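J.: I am sharing structure-v9.cif, which consists of mmCIF, C-alpha atoms:
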```cif
data_my_file
#
loop_
_atom_site.label_atom_id
_atom_site.label_comp_id
_atom_site.auth_asym_id
_atom_site.auth_seq_id
_atom_site.Cartn_x
_atom_site.Cartn_y
_atom_site.Cartn_z
CA MET M 76 -1.71 69.67 -22.81
CA ILE M 77 -1.20 72.91 -20.85
CA GLN M 78 -3.39 71.77 -17.94
CA GLU M 79 -1.31 68.66 -17.33
CA LYS M 80 1.93 70.63 -17.53
CA ILE M 81 0.62 73.11 -14.96
CA LYS M 82 -0.48 70.32 -12.62
CA THR M 83 2.91 68.65 -12.92
CA LEU M 84 4.76 71.87 -12.14
CA ALA M 85 2.41 72.66 -9.25
CA GLY M 86 3.16 69.25 -7.78
CA GLU M 87 6.90 69.67 -8.24
CA ILE M 88 7.01 73.04 -6.44
CA HIS M 89 4.42 72.21 -3.75
CA GLN M 90 6.95 71.80 -0.95
CA GLU M 91 8.81 74.89 -2.11
CA ILE M 92 5.62 76.95 -1.83
CA ILE M 93 4.94 75.47 1.60
CA ASP M 94 8.40 76.68 2.63
CA TYR M 95 7.65 80.15 1.24
CA ARG M 96 4.36 80.26 3.12
CA ARG M 97 5.98 79.19 6.38
CA HIS M 98 8.74 81.75 6.00
CA ILE M 99 6.22 84.54 5.43
CA HIS M 100 3.98 83.25 8.22
CA SER M 101 6.91 83.26 10.66
CA ASN M 102 7.81 86.83 9.74
CA PRO M 103 4.51 88.73 9.52
CA GLU M 104 4.40 92.47 8.95
CA LEU M 105 1.56 94.90 9.52
CA SER M 106 -0.20 96.86 6.79
CA PHE M 107 2.06 99.17 4.77
CA GLN M 108 5.10 97.91 6.73
CA GLU M 109 5.73 94.81 4.61
CA PHE M 110 9.35 95.69 3.79
CA ASN M 111 10.88 92.26 4.39
CA THR M 112 7.98 90.48 2.70
CA SER M 113 8.40 92.74 -0.31
CA ALA M 114 12.15 92.06 -0.39
CA PHE M 115 11.47 88.31 -0.26
CA ILE M 116 9.09 88.56 -3.22
CA VAL M 117 11.62 90.58 -5.20
CA SER M 118 14.38 88.07 -4.47
CA LYS M 119 12.32 85.26 -5.98
CA LEU M 120 11.26 87.26 -9.03
CA GLU M 121 14.90 88.17 -9.69
CA GLU M 122 15.92 84.53 -9.28
CA TRP M 123 13.41 83.56 -11.99
CA GLY M 124 14.21 86.51 -14.26
CA VAL M 125 10.75 88.03 -13.95
CA PRO M 126 10.69 91.82 -14.49
CA TYR M 127 9.00 93.88 -11.79
CA GLU M 128 8.53 97.35 -10.37
CA LYS M 129 7.73 98.70 -6.92
CA MET M 130 4.47 100.50 -6.15
CA ALA M 131 2.72 101.89 -3.10
CA ASN M 132 6.03 101.78 -1.21
CA THR M 133 6.02 98.05 -0.39
CA GLY M 134 3.92 96.74 -3.29
CA VAL M 135 5.43 94.78 -6.19
CA VAL M 136 4.05 94.43 -9.73
CA ALA M 137 5.54 91.87 -12.11
CA LEU M 138 4.89 91.01 -15.75
CA ILE M 139 5.22 87.61 -17.39
CA LYS M 140 4.84 87.75 -21.17
CA GLY M 141 4.15 84.67 -23.20
CA SER M 142 6.40 84.18 -26.20
CA LYS M 143 3.49 83.79 -28.58
CA PRO M 144 2.04 87.05 -29.96
CA SER M 145 -1.04 88.48 -28.22
CA GLU M 146 -2.10 91.85 -26.82
CA LYS M 147 -4.31 90.28 -24.15
CA VAL M 148 -3.49 91.00 -20.49
CA ILE M 149 -4.93 89.48 -17.31
CA ALA M 150 -4.05 90.53 -13.75
CA LEU M 151 -3.64 88.33 -10.67
CA ARG M 152 -3.62 89.77 -7.16
CA GLY M 153 -2.24 88.55 -3.83
CA ASP M 154 -2.17 90.64 -0.64
CA MET M 155 0.64 90.34 1.88
CA ASP M 156 -0.04 92.19 5.16
CA ALA M 157 -0.71 90.62 8.56
CA LEU M 158 -2.92 91.51 11.53
CA PRO M 159 -2.23 92.82 15.07
CA ILE M 160 -3.06 89.46 16.67
CA THR M 161 -0.91 87.30 18.97
CA GLU M 162 -0.67 83.80 17.50
CA ALA M 163 -1.81 80.90 19.71
CA ASN M 164 -0.80 78.07 17.36
CA ASN M 165 1.98 75.76 18.55
CA VAL M 166 3.69 75.13 15.21
CA ASP M 167 7.26 75.30 13.93
CA TYR M 168 6.36 78.28 11.73
CA LYS M 169 4.67 80.28 14.49
CA SER M 170 4.99 84.06 14.24
CA LYS M 171 8.30 85.42 15.48
CA ASN M 172 6.87 88.94 15.73
CA GLN M 173 5.00 89.25 19.00
CA GLY M 174 1.51 90.64 18.53
CA VAL M 175 1.56 90.24 14.74
CA MET M 176 0.11 87.26 12.89
CA HIS M 177 -0.96 86.12 9.44
CA ALA M 178 -4.46 85.38 10.73
CA CYS M 179 -6.21 86.09 7.42
CA GLY M 180 -4.19 83.93 5.06
CA HIS M 181 -2.28 86.62 3.24
CA ASP M 182 0.84 84.48 3.65
CA VAL M 183 -1.03 81.89 1.59
CA HIS M 184 -2.02 84.44 -1.05
CA THR M 185 1.53 85.77 -1.43
CA SER M 186 3.26 82.39 -1.53
CA SER M 187 0.61 81.07 -3.93
CA LEU M 188 1.10 83.98 -6.30
CA LEU M 189 4.84 83.39 -6.17
CA GLY M 190 4.18 79.78 -7.10
CA THR M 191 1.96 80.89 -9.96
CA ALA M 192 4.72 83.22 -11.12
CA LYS M 193 7.23 80.37 -11.16
CA ILE M 194 4.86 78.14 -13.14
CA LEU M 195 4.08 80.85 -15.69
CA SER M 196 7.71 81.87 -16.11
CA THR M 197 8.56 78.22 -16.78
CA LEU M 198 5.80 77.95 -19.40
CA LYS M 199 6.17 81.36 -21.05
CA ASP M 200 7.31 79.79 -24.36
CA GLU M 201 3.99 77.93 -24.54
CA PHE M 202 1.38 80.65 -24.11
CA ALA M 203 0.24 83.93 -25.64
CA GLY M 204 -0.57 87.10 -23.75
CA THR M 205 0.68 88.83 -20.61
CA VAL M 206 0.02 88.09 -16.94
CA LYS M 207 0.33 90.99 -14.52
CA LEU M 208 1.13 89.86 -10.97
CA ILE M 209 0.08 92.29 -8.22
CA PHE M 210 1.63 91.74 -4.80
CA GLN M 211 -0.40 94.22 -2.80
CA PRO M 212 0.24 95.76 0.63
CA GLY M 213 -2.20 97.07 3.20
CA GLU M 214 -5.43 95.18 2.60
CA GLU M 215 -6.31 95.21 6.30
CA LEU M 216 -6.06 98.97 6.88
CA LEU M 217 -7.92 101.93 5.41
CA PRO M 218 -7.64 103.32 2.80
CA GLY M 219 -6.55 99.90 1.51
CA GLY M 220 -3.51 99.16 -0.59
CA ALA M 221 -5.68 98.42 -3.62
CA SER M 222 -6.95 102.02 -3.76
CA ILE M 223 -3.38 103.34 -3.57
CA MET M 224 -2.06 101.00 -6.26
CA ILE M 225 -4.94 101.88 -8.57
CA LYS M 226 -4.16 105.59 -8.12
CA GLU M 227 -0.52 104.85 -8.94
CA GLY M 228 -1.53 103.13 -12.17
CA VAL M 229 -1.40 99.42 -11.40
CA LEU M 230 -4.23 98.79 -13.89
CA GLU M 231 -2.45 100.66 -16.68
CA ASN M 232 0.60 100.06 -18.90
CA PRO M 233 -0.42 97.43 -19.76
CA LYS M 234 -4.11 97.58 -18.99
CA PRO M 235 -5.59 94.20 -18.05
CA ALA M 236 -8.92 93.02 -19.41
CA GLY M 237 -9.76 91.76 -15.94
CA ILE M 238 -8.35 90.73 -12.58
CA LEU M 239 -8.53 87.53 -10.53
CA GLY M 240 -8.01 87.21 -6.80
CA GLN M 241 -8.22 84.25 -4.44
CA HIS M 242 -8.74 84.19 -0.68
CA VAL M 243 -8.56 81.41 1.88
CA MET M 244 -11.87 80.12 3.23
CA PRO M 245 -11.81 77.92 6.37
CA LEU M 246 -15.49 77.06 5.87
CA ILE M 247 -14.62 75.15 2.66
CA GLU M 248 -12.83 71.80 2.75
CA VAL M 249 -9.33 71.70 1.33
CA GLY M 250 -9.40 70.56 -2.28
CA LYS M 251 -12.40 72.70 -3.13
CA VAL M 252 -12.88 76.29 -4.29
CA GLY M 253 -15.93 78.55 -4.29
CA PHE M 254 -17.36 81.09 -6.73
CA ARG M 255 -20.21 83.60 -6.73
CA SER M 256 -21.29 85.82 -9.61
CA GLY M 257 -22.51 89.37 -9.04
CA LYS M 258 -22.51 91.15 -5.69
CA TYR M 259 -20.45 89.14 -3.23
CA MET M 260 -18.90 91.17 -0.37
CA ALA M 261 -20.09 94.25 1.49
CA SER M 262 -18.90 97.80 1.65
CA THR M 263 -17.54 98.79 5.03
CA ASP M 264 -17.59 102.09 6.93
CA GLU M 265 -16.23 102.84 10.38
CA LEU M 266 -18.44 104.84 12.74
CA TYR M 267 -16.96 107.02 15.46
CA VAL M 268 -19.51 108.66 17.75
CA THR M 269 -19.01 110.98 20.72
CA VAL M 270 -22.07 111.63 22.85
CA LYS M 271 -21.69 114.62 25.17
CA GLY M 272 -23.72 115.47 28.22
CA LYS M 273 -23.07 116.80 31.72
CA GLY M 274 -21.50 114.48 34.24
CA GLY M 275 -21.98 114.33 37.95
CA HIS M 276 -22.99 112.19 40.90
CA GLY M 277 -24.98 109.09 40.02
CA ALA M 278 -27.30 109.70 42.97
CA MET M 279 -28.35 113.08 41.60
CA PRO M 280 -29.23 112.43 37.94
CA ASN M 281 -31.59 115.42 37.89
CA PHE M 282 -28.56 117.71 37.95
CA ASN M 283 -26.87 115.87 35.06
CA ILE M 284 -27.36 115.17 31.37
CA ASP M 285 -26.56 111.48 31.19
CA PRO M 286 -24.58 110.62 28.03
CA VAL M 287 -24.69 106.91 28.94
CA LEU M 288 -28.47 106.88 28.73
CA ILE M 289 -28.41 108.95 25.55
CA THR M 290 -25.93 106.51 24.01
CA ALA M 291 -28.12 103.56 24.94
CA HIS M 292 -31.08 105.16 23.16
CA ILE M 293 -28.91 105.89 20.11
CA ILE M 294 -27.59 102.30 19.87
CA VAL M 295 -31.11 100.85 20.01
CA ALA M 296 -32.69 103.46 17.73
CA LEU M 297 -30.06 103.16 15.01
CA GLN M 298 -31.05 99.54 14.43
CA GLN M 299 -34.22 100.98 12.90
CA VAL M 300 -32.04 102.07 9.99
CA VAL M 301 -31.52 98.36 9.29
CA SER M 302 -34.97 97.03 10.21
CA ARG M 303 -37.25 99.88 9.08
CA VAL M 304 -35.42 102.16 6.66
CA ALA M 305 -33.38 99.70 4.57
CA ASP M 306 -35.03 97.69 1.81
CA PRO M 307 -35.60 94.25 3.41
CA LYS M 308 -34.20 92.62 0.26
CA LEU M 309 -30.89 94.49 0.60
CA PRO M 310 -28.35 93.03 3.05
CA THR M 311 -27.42 95.64 5.66
CA VAL M 312 -25.42 95.28 8.87
CA LEU M 313 -24.91 97.82 11.66
CA SER M 314 -22.82 96.70 14.64
CA PHE M 315 -21.22 98.56 17.54
CA GLY M 316 -18.29 96.82 19.15
CA LYS M 317 -16.80 99.49 21.38
CA VAL M 318 -18.46 101.66 24.04
CA ILE M 319 -16.35 103.71 26.46
CA ALA M 320 -18.03 105.52 29.34
CA ASN M 321 -15.32 106.40 31.84
CA GLY M 322 -17.52 106.94 34.83
CA ALA M 323 -17.93 104.75 37.88
CA THR M 324 -20.70 103.03 39.81
CA ASN M 325 -21.77 106.38 41.17
CA VAL M 326 -20.25 108.74 38.59
CA ILE M 327 -21.98 109.82 35.39
CA PRO M 328 -19.29 110.83 32.85
CA ASN M 329 -19.33 113.92 30.66
CA GLU M 330 -19.15 111.95 27.44
CA VAL M 331 -19.33 108.48 25.91
CA LYS M 332 -17.32 107.15 22.97
CA LEU M 333 -18.96 104.70 20.61
CA GLU M 334 -17.40 102.83 17.66
CA GLY M 335 -18.99 100.54 15.11
CA THR M 336 -19.27 99.40 11.51
CA PHE M 337 -21.87 99.78 8.78
CA ARG M 338 -21.97 97.40 5.82
CA THR M 339 -24.19 96.97 2.78
CA LEU M 340 -24.21 96.03 -0.92
CA ASP M 341 -25.56 99.16 -2.60
CA GLU M 342 -23.69 102.47 -2.94
CA ASN M 343 -26.82 104.64 -3.19
CA TRP M 344 -28.33 103.12 -0.07
CA ARG M 345 -24.96 103.38 1.65
CA ALA M 346 -24.97 107.16 1.14
CA GLU M 347 -28.60 107.46 2.26
CA ALA M 348 -27.93 105.40 5.38
CA HIS M 349 -25.03 107.65 6.36
CA ILE M 350 -27.35 110.64 6.36
CA ALA M 351 -30.11 108.77 8.21
CA MET M 352 -27.80 107.48 10.96
CA LYS M 353 -26.18 110.84 11.56
CA LYS M 354 -29.51 112.68 11.64
CA MET M 355 -31.10 110.16 14.00
CA ALA M 356 -28.19 110.08 16.46
CA GLU M 357 -27.85 113.87 16.58
CA GLY M 358 -31.61 114.30 16.97
CA ILE M 359 -31.84 111.85 19.86
CA ALA M 360 -28.93 113.47 21.68
CA GLU M 361 -30.38 116.95 21.22
CA SER M 362 -33.86 115.87 22.36
CA MET M 363 -32.35 114.54 25.58
CA GLY M 364 -30.34 117.68 26.30
CA GLY M 365 -26.98 116.53 25.00
CA SER M 366 -25.08 116.60 21.73
CA CYS M 367 -23.57 114.08 19.36
CA GLU M 368 -20.56 114.14 17.04
CA PHE M 369 -21.11 111.45 14.41
CA THR M 370 -18.09 110.75 12.19
CA ILE M 371 -18.08 108.23 9.35
CA ALA M 372 -14.77 106.96 7.97
CA HIS M 373 -15.60 105.76 4.46
CA GLY M 374 -14.12 102.35 3.86
CA TYR M 375 -14.08 99.89 0.98
CA PRO M 376 -16.91 99.73 -1.58
CA PHE M 377 -18.89 96.54 -2.14
CA LEU M 378 -17.26 93.81 -4.19
CA VAL M 379 -18.93 92.63 -7.38
CA ASN M 380 -17.80 89.65 -9.45
CA GLU M 381 -18.34 90.38 -13.14
CA GLU M 382 -20.66 87.72 -14.54
CA LYS M 383 -18.83 86.71 -17.73
CA LEU M 384 -15.37 86.59 -16.16
CA THR M 385 -16.68 84.70 -13.13
CA ALA M 386 -18.57 82.18 -15.28
CA SER M 387 -15.46 81.63 -17.39
CA ALA M 388 -13.19 81.28 -14.35
CA ARG M 389 -15.62 78.88 -12.72
CA GLN M 390 -15.73 76.71 -15.82
CA SER M 391 -11.93 76.64 -15.95
CA ALA M 392 -11.82 75.71 -12.25
CA GLU M 393 -14.20 72.82 -12.93
CA GLU M 394 -11.91 71.66 -15.74
CA TYR M 395 -8.87 71.83 -13.47
CA LEU M 396 -10.31 70.44 -10.24
CA GLY M 397 -13.43 68.59 -11.31
CA LYS M 398 -16.97 69.91 -11.10
CA GLU M 399 -17.53 68.27 -7.72
CA ASN M 400 -14.77 70.41 -6.20
CA VAL M 401 -16.24 73.78 -7.21
CA VAL M 402 -18.97 75.07 -4.89
CA ASP M 403 -21.37 78.00 -4.74
CA LEU M 404 -20.70 80.90 -2.38
CA ASP M 405 -23.30 82.92 -0.53
CA ILE M 406 -23.14 86.67 0.05
CA TRP M 407 -20.42 87.47 2.59
CA MET M 408 -20.86 90.62 4.69
CA ALA M 409 -17.17 90.96 5.41
CA ALA M 410 -15.26 93.49 3.33
CA GLU M 411 -12.20 93.35 1.06
CA ASP M 412 -10.23 96.08 -0.65
CA PHE M 413 -10.17 93.89 -3.78
CA ALA M 414 -13.56 95.60 -4.19
CA TYR M 415 -11.72 98.67 -5.51
CA TYR M 416 -10.49 96.64 -8.49
CA SER M 417 -14.00 95.32 -9.07
CA GLN M 418 -15.33 98.87 -9.28
CA VAL M 419 -13.02 99.84 -12.16
CA THR M 420 -12.43 96.63 -14.16
CA ASP M 421 -13.89 93.17 -14.65
CA ALA M 422 -13.06 91.15 -11.55
CA CYS M 423 -13.46 87.69 -10.07
CA PHE M 424 -12.72 87.04 -6.40
CA TYR M 425 -12.98 83.37 -5.49
CA ARG M 426 -12.37 81.27 -2.38
CA LEU M 427 -9.73 78.63 -1.68
CA GLY M 428 -10.75 75.86 0.69
CA THR M 429 -8.34 75.34 3.60
CA ARG M 430 -10.43 73.36 6.13
CA ASN M 431 -9.54 69.92 7.48
CA GLU M 432 -11.80 68.80 10.32
CA GLU M 433 -9.89 65.56 10.94
CA ARG M 434 -6.78 67.59 11.74
CA GLY M 435 -8.69 70.23 13.68
CA ILE M 436 -7.98 72.95 11.12
CA THR M 437 -11.30 74.77 11.46
CA SER M 438 -10.58 78.17 13.06
CA SER M 439 -11.98 81.27 11.42
CA VAL M 440 -9.85 83.99 9.90
CA HIS M 441 -8.88 86.86 12.22
CA THR M 442 -8.49 84.50 15.18
CA PRO M 443 -5.28 83.53 17.07
CA THR M 444 -5.66 79.86 16.07
CA PHE M 445 -6.24 80.30 12.35
CA ASP M 446 -4.20 77.95 10.19
CA ILE M 447 -4.59 76.05 6.92
CA ASP M 448 -4.20 72.58 5.51
CA GLU M 449 -1.18 73.18 3.31
CA LYS M 450 -2.53 70.78 0.69
CA ALA M 451 -4.33 73.93 -0.47
CA LEU M 452 -0.99 75.31 -1.68
CA GLY M 453 -0.77 72.50 -4.20
CA ILE M 454 -4.06 73.70 -5.67
CA SER M 455 -3.79 77.47 -5.36
CA THR M 456 -0.66 77.91 -7.47
CA GLY M 457 -1.64 75.73 -10.41
CA LEU M 458 -5.29 76.77 -10.45
CA MET M 459 -4.46 80.46 -10.68
CA ALA M 460 -1.95 79.80 -13.47
CA TYR M 461 -4.57 77.78 -15.36
CA LEU M 462 -7.28 80.42 -14.88
CA ALA M 463 -4.92 83.11 -16.15
CA LEU M 464 -3.91 81.22 -19.27
CA LYS M 465 -7.49 80.26 -20.07
CA GLU M 466 -8.56 83.92 -19.80
CA LEU M 467 -5.75 84.82 -22.19
CA GLY M 468 -7.23 82.37 -24.69
CA ASN M 469 -4.70 79.58 -24.34
#
```
So, in terms of structure tokens, how does the structure I just supplied come out?

T.:
Amino acid sequence: MIQEKIKTLAGEIHQEIIDYRRHIHSNPELSFQEFNTSAFIVSKLEEWGVPYEKMANTGVVALIKGSKPSEKVIALRGDMDALPITEANNVDYKSKNQGVMHACGHDVHTSSLLGTAKILSTLKDEFAGTVKLIFQPGEELLPGGASIMIKEGVLENPKPAGILGQHVMPLIEVGKVGFRSGKYMASTDELYVTVKGKGGHGAMPNFNIDPVLITAHIIVALQQVVSRVADPKLPTVLSFGKVIANGATNVIPNEVKLEGTFRTLDENWRAEAHIAMKKMAEGIAESMGGSCEFTIAHGYPFLVNEEKLTASARQSAEEYLGKENVVDLDIWMAAEDFAYYSQVTDACFYRLGTRNEERGITSSVHTPTFDIDEKALGISTGLMAYLALKELGN
């Protein structure tokens, strides 16, 4: 039975995949600079005789064809870039690159996909169809490696019927995975605002046009876009995390810099909100005697899990792990460039549990103390192989 063979192989290579993950974790590389990570991936594919090609500079795409005849193709994706975070974990595999850390689990995704590749290459005489393995760079940085790889043809020659991606989730206990059908993750846009006024002495505000006060009004007023303009049934988030007003206790500056993020789950509303935010901010600044430059850097679209593929993948996960180990996911307002794949082909993006409260492994992604229970690596490799083969009809 193919499931039992996959589980056996996943168990046999578990420690090997842990070693891969620790190697990648110790040597993190920032977005679009994953040269050593890419070389490591290539070295393993060559060792196993898996054909590959390079894409998007540091990206790698491999093909594993089953020996039995079939034209079906399914794609699997793992991202491989790290974040500009200084690791605070005291572990043997701690980052050796100061200020760079795999704080989002991409080391897990890459090593897991390598493990899946090894399993599938071992079993290629026993299945029909082709699995396309996408080792993707630059998920953490606009415009996103997924958008670049799609432009370079990663979903062509051969064209997959769908794509599967998995991502660590520290909110889910190790041993479990999570699925959600339909809209799952938000679009993301970066907002860069410059509010200009006329600086001067803080004791003589009547001679100035205070950009700090204008900015305060803009920050408060723009929340109306969420609370009064958006459909209450449509998730929408507007947050500002950076305000720079280089004055002093008694100095009103000439300008204020403001940076934030806008996220939602509907492309039409997203476009409308851009117009509404820009118009409101500029109008407030003008009404108070100043001016406003409102720039929107368009980020990733929202991520949608195609219903049939997600239902099928979930059923296969229940077969592989047991129904009790497959949980429902709620909408997640974070963003992922896997969304680009979901906009152009059937896609399923699911979550891999990595939490272990007894061992204190509970930190969120994008934090200096993020880590995983490496038991998850014994699940991630085999599960993805099983999902792929089931989607190919094996």

J.: Under the rule that only C-alpha atoms are counted, which of M:Ala346, M:Val295, M:Ile247, M:Leu189 is the nearest residue to M:Asp403?

T.: M:Ile247

J.: Hey, which of M:Met76, M:Ile454, M:Leu462, M:Ile327 ends up closest to M:Ala388? Count only C-alpha atoms.

T.: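 Nearest to M:Ala388: M:Leu462.
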
J.: Quick one: residues within 7 Å of stretch 207-212 of chain M, all atoms listed in the file, excluding same-chain residues fewer than 5 positions away - as a list in words?

T.: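 Result of the neighbour search: Ser106, Phe107, Glu109, Thr133, Gly134, Val135, Val136, Ala137, Leu138, Ile139, Ile149, Ala150, Leu151, Arg152, Gly153, Asp154, Met155, Asp156, Thr185, Gly220 and Ala221 of chain M.
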
J.: Starting from the displayed file, determine the output of the PyMOL selection byres ((chain M and resi 376) around 7) and express the residue list as a PyMOL selection string.

T.: chain M and resi 262-263+374-375+377-378+414-415

J.: Using the chain letters and numbers from the file, give me the residues hit by the PyMOL selection byres ((chain M and resi 352) around 12), as a ChimeraX atom specification.

T.: /M:266-268,293-301,304-305,313,335-337,344-351,353-359,367-371

J.: Tell me which of M:Gly250, M:Gly457, M:Gly468, M:Gly213 sits closest to M:Gly141, counting all atoms listed in the file.

T.: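 Of M:Gly250, M:Gly457, M:Gly468, M:Gly213, the one nearest M:Gly141, counting all atoms listed in the file, is M:Gly468.
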
J.: Report as a PyMOL selection string the full result of the PyMOL selection byres ((chain M and resi 167-173) around 12) when it is applied to this structure.

T.: chain M and resi 93-105+157-166+174-178+182+443-446

J.: To box stretch 447-465 of chain M, take all atoms listed in the file, fit an axis-aligned box, add 8 Å on each side, and give centre and edge lengths in Å to one decimal, as lines of an AutoDock Vina configuration file.

T.:
```
center_x = -4.1
center_y = 76.9
center_z = -6.6
size_x = 22.8
size_y = 28.3
size_z = 43.0
```

J.: From the structure block, carefully write stretch 169-214 of chain M out with C-alpha atoms; format it as a PDB file, in the first residue's frame.

T.:
```pdb
ATOM      1  CA  LYS M 169      21.353  28.864  15.981  1.00  0.00           C
ATOM      2  CA  SER M 170      21.834  31.253  13.062  1.00  0.00           C
ATOM      3  CA  LYS M 171      25.459  31.904  12.176  1.00  0.00           C
ATOM      4  CA  ASN M 172      24.521  35.007  10.178  1.00  0.00           C
ATOM      5  CA  GLN M 173      24.125  37.900  12.569  1.00  0.00           C
ATOM      6  CA  GLY M 174      20.844  39.731  12.076  1.00  0.00           C
ATOM      7  CA  VAL M 175      19.369  37.044   9.804  1.00  0.00           C
ATOM      8  CA  MET M 176      17.082  34.262  11.012  1.00  0.00           C
ATOM      9  CA  HIS M 177      14.656  31.646   9.754  1.00  0.00           C
ATOM     10  CA  ALA M 178      11.903  33.087  11.937  1.00  0.00           C
ATOM     11  CA  CYS M 179       9.044  32.085   9.622  1.00  0.00           C
ATOM     12  CA  GLY M 180       9.798  28.407   9.115  1.00  0.00           C
ATOM     13  CA  HIS M 181      11.042  28.521   5.550  1.00  0.00           C
ATOM     14  CA  ASP M 182      13.898  26.246   6.632  1.00  0.00           C
ATOM     15  CA  VAL M 183      11.172  23.745   7.510  1.00  0.00           C
ATOM     16  CA  HIS M 184       9.425  24.201   4.172  1.00  0.00           C
ATOM     17  CA  THR M 185      12.621  23.719   2.166  1.00  0.00           C
ATOM     18  CA  SER M 186      13.905  20.710   4.093  1.00  0.00           C
ATOM     19  CA  SER M 187      10.431  19.149   4.026  1.00  0.00           C
ATOM     20  CA  LEU M 188      10.171  19.537   0.269  1.00  0.00           C
ATOM     21  CA  LEU M 189      13.603  17.965  -0.081  1.00  0.00           C
ATOM     22  CA  GLY M 190      12.357  15.062   2.007  1.00  0.00           C
ATOM     23  CA  THR M 191       9.281  14.772  -0.183  1.00  0.00           C
ATOM     24  CA  ALA M 192      11.537  14.766  -3.240  1.00  0.00           C
ATOM     25  CA  LYS M 193      13.590  11.909  -1.826  1.00  0.00           C
ATOM     26  CA  ILE M 194      10.477   9.876  -1.031  1.00  0.00           C
ATOM     27  CA  LEU M 195       8.966  10.429  -4.468  1.00  0.00           C
ATOM     28  CA  SER M 196      12.200   9.679  -6.304  1.00  0.00           C
ATOM     29  CA  THR M 197      12.435   6.415  -4.359  1.00  0.00           C
ATOM     30  CA  LEU M 198       8.854   5.490  -5.295  1.00  0.00           C
ATOM     31  CA  LYS M 199       8.802   6.716  -8.893  1.00  0.00           C
ATOM     32  CA  ASP M 200       8.421   3.158 -10.255  1.00  0.00           C
ATOM     33  CA  GLU M 201       5.168   2.826  -8.301  1.00  0.00           C
ATOM     34  CA  PHE M 202       3.154   5.871  -9.342  1.00  0.00           C
ATOM     35  CA  ALA M 203       1.757   7.584 -12.428  1.00  0.00           C
ATOM     36  CA  GLY M 204       2.006  11.274 -13.220  1.00  0.00           C
ATOM     37  CA  THR M 205       4.524  14.058 -12.627  1.00  0.00           C
ATOM     38  CA  VAL M 206       5.306  16.070  -9.504  1.00  0.00           C
ATOM     39  CA  LYS M 207       6.768  19.525 -10.008  1.00  0.00           C
ATOM     40  CA  LEU M 208       8.809  20.710  -7.018  1.00  0.00           C
ATOM     41  CA  ILE M 209       9.118  24.493  -6.659  1.00  0.00           C
ATOM     42  CA  PHE M 210      11.850  25.753  -4.332  1.00  0.00           C
ATOM     43  CA  GLN M 211      10.966  29.431  -4.294  1.00  0.00           C
ATOM     44  CA  PRO M 212      13.019  32.458  -3.234  1.00  0.00           C
ATOM     45  CA  GLY M 213      11.901  35.808  -1.888  1.00  0.00           C
ATOM     46  CA  GLU M 214       8.562  35.172  -0.206  1.00  0.00           C
TER      47      GLU M 214
END
```
